[in-house]
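Accompanying notes for the structure given below.
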Amino acid sequence: DSSQLEIGALLCPPIACGVGVRIVVLPVNNRPSFAVGIDPVTVIEDTAPVEESGLALSILSGPWNEAHQYVSFIVDVLVNPDNVFSSPPNVDDVGVLRFNATADAFGEALLSVRIIDDGGTDRNGEDESSRQNFTVV
C-alpha cells in the first residue's frame with residue numbers, strides 16, 4: 001500500500017529558527033482474516049464433485065485501506081485416514097470449498113485453512129491469517 005501519513009510540526013517559531021520536523025508514518029500490511037462457517041462439512045458417500053458454499057465467511061484482506069488486495073486460501077489435509085479425497089480440497093476467494101470424494105470411501109478428515117493476501121510483509125507487515133481447522137465427515 002502506498003498511502004502514507006505526513007505530520008508537520010515546528011519546534012520553534014519559524015522566524016526564530018526556521019527549523020521544521022517532517023514525520024512520515026509508512027503503512028504496513030495487516031493480517032487478513034475470515035471465519036469458518038461450516039464445521040463439520042457433511043458429505044454423503046460417493047458424492048462427487050462436492051461444492052460447499054459458506055465454508056469461509058467474513059473474508060477480509062485487512063482494514064478498509066487494504067480492501068483492494070487479492071486474497072487466496074491455502075488448505076492443508078491434516079488427518080485423512082480413510083483417503084476420502086480423490087482430488088485435493090480447495091477454497092476459492094469467496095469461501096466455497098470444493099473437492100472430489102473417493103468412490104466407496106467414508107470416514108472423517110481434519111483440514112486446516114488459512115488466507116493469504118498480496119500485500120506483502122515489508123516493514124514487518126503480515127499477509128497470512130491464523131490457521132483454522134474444520135472436519136469433513
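Ligands are numbered from 1 in the order shown, chains are lettered A, B, ... in the order of the C-alpha cells, and residues start at 1 in each chain.
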Just the residues within 10 Å of Val137 of chain A, please, counting only C-alpha atoms, with nothing from its chain fewer than 3 positions along; format it as a ChimeraX atom specification. /A:39-45,84,106-110,134
Selection file, N, CA and C atoms, as a short mmCIF file (atom, residue, chain, number, x, y, z; two decimals), in the first residue's frame:
data_model
loop_
_atom_site.label_atom_id
_atom_site.label_comp_id
_atom_site.auth_asym_id
_atom_site.auth_seq_id
_atom_site.Cartn_x
_atom_site.Cartn_y
_atom_site.Cartn_z
N ASP A 39 -18.76 -26.37 10.14
CA ASP A 39 -17.92 -27.37 10.79
C ASP A 39 -18.79 -28.24 11.67
N PRO A 40 -18.95 -29.50 11.34
CA PRO A 40 -18.28 -30.22 10.26
C PRO A 40 -19.00 -30.04 8.93
N VAL A 41 -18.24 -30.29 7.84
CA VAL A 41 -18.81 -30.37 6.50
C VAL A 41 -19.26 -31.82 6.33
N THR A 42 -20.55 -32.04 6.09
CA THR A 42 -21.09 -33.40 5.99
C THR A 42 -21.37 -33.72 4.52
N VAL A 43 -20.83 -34.86 4.07
CA VAL A 43 -20.95 -35.26 2.68
C VAL A 43 -21.49 -36.69 2.64
N ILE A 44 -22.40 -36.95 1.72
CA ILE A 44 -22.93 -38.31 1.51
C ILE A 44 -21.89 -39.10 0.71
N GLU A 45 -21.66 -40.35 1.09
CA GLU A 45 -20.71 -41.21 0.39
C GLU A 45 -21.00 -41.24 -1.11
N VAL A 84 -10.38 -40.09 1.87
CA VAL A 84 -11.70 -39.73 1.37
C VAL A 84 -11.67 -38.74 0.19
N PHE A 106 -15.45 -43.64 3.04
CA PHE A 106 -16.16 -42.86 4.04
C PHE A 106 -15.25 -42.74 5.25
N GLY A 107 -15.54 -41.79 6.07
CA GLY A 107 -14.71 -41.55 7.25
C GLY A 107 -14.66 -40.07 7.56
N GLU A 108 -13.68 -39.70 8.34
CA GLU A 108 -13.56 -38.33 8.81
C GLU A 108 -12.17 -37.81 8.51
N ALA A 109 -12.10 -36.60 7.95
CA ALA A 109 -10.82 -35.95 7.66
C ALA A 109 -10.76 -34.61 8.37
N LEU A 110 -9.59 -34.26 8.85
CA LEU A 110 -9.36 -32.98 9.51
C LEU A 110 -8.53 -32.11 8.58
N PHE A 134 -11.21 -27.50 10.37
CA PHE A 134 -12.58 -27.96 10.21
C PHE A 134 -12.54 -29.43 9.81
#
Report as CSV: every residue of segment 31-77 of chain A with an atom at most 10 Å from segment 111-116 of chain A, its closest pair of atoms, and their distance in Å to one decimal, counting only C-alpha atoms, with rows sorted by chain and ascending residue number.
residue,atom,partner,partner_atom,distance
A:Arg31,CA,A:Ile116,CA,8.3
A:Pro32,CA,A:Ile115,CA,6.7
A:Ser33,CA,A:Ile115,CA,6.9
A:Phe34,CA,A:Ile115,CA,7.6
A:Ala35,CA,A:Arg114,CA,9.8
A:Val36,CA,A:Val113,CA,8.7
A:Leu55,CA,A:Val113,CA,9.9
A:Ala56,CA,A:Val113,CA,9.1
A:Ile59,CA,A:Ile115,CA,8.6
A:Leu60,CA,A:Ile115,CA,9.2
A:Ser61,CA,A:Ile116,CA,8.0
A:Gln69,CA,A:Ile116,CA,9.8
A:Tyr70,CA,A:Ile116,CA,8.4
A:Val71,CA,A:Ile116,CA,5.5
A:Ser72,CA,A:Ile116,CA,5.5
A:Phe73,CA,A:Ile115,CA,4.4
A:Ile74,CA,A:Arg114,CA,5.4
A:Val75,CA,A:Val113,CA,4.5
A:Asp76,CA,A:Ser112,CA,5.1
A:Val77,CA,A:Leu111,CA,4.5
Atom CA of Phe85 of chain A to atom CA of Phe99 of chain A: how many Å, to one decimal?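 Those two atoms sit 6.9 Å apart.
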Report as a PyMOL selection string all protein, DNA and RNA residues lying within 12 Å of Gly119 of chain A, evaluated on only C-alpha atoms, omitting residues in the same chain fewer than 3 positions from it. chain A and resi 1-2+27-32+61-63+65-72+116+122-128
Do a neighbour search on Arg98 of chain A at 12 Å with only C-alpha atoms, toss out local chain neighbours closer than 4 positions, and write the hits as a PDB file with N, CA and C atoms, in the first residue's frame.
ATOM      1  N   VAL A  41     -18.243 -30.286   7.838  1.00  0.00           N
ATOM      2  CA  VAL A  41     -18.814 -30.371   6.499  1.00  0.00           C
ATOM      3  C   VAL A  41     -19.258 -31.816   6.331  1.00  0.00           C
ATOM      4  N   VAL A  43     -20.829 -34.858   4.069  1.00  0.00           N
ATOM      5  CA  VAL A  43     -20.950 -35.265   2.676  1.00  0.00           C
ATOM      6  C   VAL A  43     -21.485 -36.690   2.635  1.00  0.00           C
ATOM      7  N   THR A  47     -20.554 -38.937  -3.293  1.00  0.00           N
ATOM      8  CA  THR A  47     -20.946 -37.653  -3.873  1.00  0.00           C
ATOM      9  C   THR A  47     -19.713 -37.008  -4.492  1.00  0.00           C
ATOM     10  N   ALA A  48     -19.806 -36.690  -5.775  1.00  0.00           N
ATOM     11  CA  ALA A  48     -18.686 -36.018  -6.429  1.00  0.00           C
ATOM     12  C   ALA A  48     -19.230 -35.226  -7.599  1.00  0.00           C
ATOM     13  N   PRO A  49     -18.771 -34.082  -7.883  1.00  0.00           N
ATOM     14  CA  PRO A  49     -17.873 -33.302  -7.027  1.00  0.00           C
ATOM     15  C   PRO A  49     -18.644 -32.641  -5.881  1.00  0.00           C
ATOM     16  N   VAL A  50     -17.903 -32.270  -4.839  1.00  0.00           N
ATOM     17  CA  VAL A  50     -18.511 -31.607  -3.682  1.00  0.00           C
ATOM     18  C   VAL A  50     -18.224 -30.109  -3.782  1.00  0.00           C
ATOM     19  N   GLU A  51     -19.254 -29.311  -3.546  1.00  0.00           N
ATOM     20  CA  GLU A  51     -19.125 -27.854  -3.536  1.00  0.00           C
ATOM     21  C   GLU A  51     -19.951 -27.320  -2.378  1.00  0.00           C
ATOM     22  N   GLU A  52     -19.292 -26.758  -1.389  1.00  0.00           N
ATOM     23  CA  GLU A  52     -19.960 -26.232  -0.188  1.00  0.00           C
ATOM     24  C   GLU A  52     -19.740 -24.726  -0.083  1.00  0.00           C
ATOM     25  N   SER A  53     -20.793 -23.952  -0.333  1.00  0.00           N
ATOM     26  CA  SER A  53     -20.706 -22.502  -0.157  1.00  0.00           C
ATOM     27  C   SER A  53     -20.697 -22.169   1.331  1.00  0.00           C
ATOM     28  N   GLY A  54     -20.012 -21.109   1.682  1.00  0.00           N
ATOM     29  CA  GLY A  54     -20.041 -20.632   3.058  1.00  0.00           C
ATOM     30  C   GLY A  54     -19.061 -21.291   4.002  1.00  0.00           C
ATOM     31  N   LEU A  55     -18.071 -22.019   3.473  1.00  0.00           N
ATOM     32  CA  LEU A  55     -17.067 -22.574   4.392  1.00  0.00           C
ATOM     33  C   LEU A  55     -16.317 -21.436   5.076  1.00  0.00           C
ATOM     34  N   ALA A  56     -15.943 -20.434   4.285  1.00  0.00           N
ATOM     35  CA  ALA A  56     -15.257 -19.268   4.844  1.00  0.00           C
ATOM     36  C   ALA A  56     -16.192 -18.062   4.748  1.00  0.00           C
ATOM     37  N   PHE A  73      -6.879 -18.762  -0.468  1.00  0.00           N
ATOM     38  CA  PHE A  73      -6.873 -19.701   0.649  1.00  0.00           C
ATOM     39  C   PHE A  73      -5.886 -20.827   0.401  1.00  0.00           C
ATOM     40  N   VAL A  75      -5.320 -24.715   1.804  1.00  0.00           N
ATOM     41  CA  VAL A  75      -5.947 -25.795   2.557  1.00  0.00           C
ATOM     42  C   VAL A  75      -4.927 -26.912   2.730  1.00  0.00           C
ATOM     43  N   PHE A  85     -10.503 -38.189  -0.139  1.00  0.00           N
ATOM     44  CA  PHE A  85     -10.416 -37.215  -1.230  1.00  0.00           C
ATOM     45  C   PHE A  85      -9.727 -37.821  -2.450  1.00  0.00           C
ATOM     46  N   SER A  86     -10.393 -37.753  -3.605  1.00  0.00           N
ATOM     47  CA  SER A  86      -9.727 -38.179  -4.843  1.00  0.00           C
ATOM     48  C   SER A  86      -9.063 -36.986  -5.529  1.00  0.00           C
ATOM     49  N   SER A  87      -9.444 -35.780  -5.146  1.00  0.00           N
ATOM     50  CA  SER A  87      -8.743 -34.564  -5.568  1.00  0.00           C
ATOM     51  C   SER A  87      -8.594 -33.688  -4.336  1.00  0.00           C
ATOM     52  N   PRO A  88      -7.516 -32.930  -4.262  1.00  0.00           N
ATOM     53  CA  PRO A  88      -7.270 -32.124  -3.057  1.00  0.00           C
ATOM     54  C   PRO A  88      -8.357 -31.078  -2.833  1.00  0.00           C
ATOM     55  N   PRO A  89      -8.762 -30.894  -1.598  1.00  0.00           N
ATOM     56  CA  PRO A  89      -9.736 -29.844  -1.288  1.00  0.00           C
ATOM     57  C   PRO A  89      -9.129 -28.460  -1.530  1.00  0.00           C
ATOM     58  N   ASN A  90      -9.961 -27.527  -1.972  1.00  0.00           N
ATOM     59  CA  ASN A  90      -9.517 -26.142  -2.108  1.00  0.00           C
ATOM     60  C   ASN A  90     -10.679 -25.225  -1.760  1.00  0.00           C
ATOM     61  N   VAL A  91     -10.346 -23.997  -1.407  1.00  0.00           N
ATOM     62  CA  VAL A  91     -11.337 -22.975  -1.083  1.00  0.00           C
ATOM     63  C   VAL A  91     -11.048 -21.791  -2.001  1.00  0.00           C
ATOM     64  N   ASP A  92     -12.087 -21.313  -2.705  1.00  0.00           N
ATOM     65  CA  ASP A  92     -11.874 -20.177  -3.604  1.00  0.00           C
ATOM     66  C   ASP A  92     -11.918 -18.863  -2.825  1.00  0.00           C
ATOM     67  N   ASP A  93     -11.707 -17.746  -3.523  1.00  0.00           N
ATOM     68  CA  ASP A  93     -11.576 -16.454  -2.851  1.00  0.00           C
ATOM     69  C   ASP A  93     -12.869 -15.921  -2.252  1.00  0.00           C
ATOM     70  N   VAL A  94     -14.010 -16.574  -2.503  1.00  0.00           N
ATOM     71  CA  VAL A  94     -15.262 -16.169  -1.855  1.00  0.00           C
ATOM     72  C   VAL A  94     -15.720 -17.186  -0.810  1.00  0.00           C
ATOM     73  N   VAL A 136     -14.286 -32.781   7.704  1.00  0.00           N
ATOM     74  CA  VAL A 136     -15.152 -33.296   6.649  1.00  0.00           C
ATOM     75  C   VAL A 136     -15.553 -34.702   7.047  1.00  0.00           C
TER      76      VAL A 136
END
Closest of A:Ser129, A:Asp46, A:Gly120, A:Pro81 to Ala103 of chain A - atom-to-atom distances counting only C-alpha atoms: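 Smallest separation from Ala103 of chain A among the options: A:Asp46.
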One-decimal distance in Å that lies between atom CA of Asn133 of chain A and atom CA of Val79 of chain A: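 Answer for the atom CA of Val79 of chain A to atom CA of Asn133 of chain A separation: 10.8 Å.
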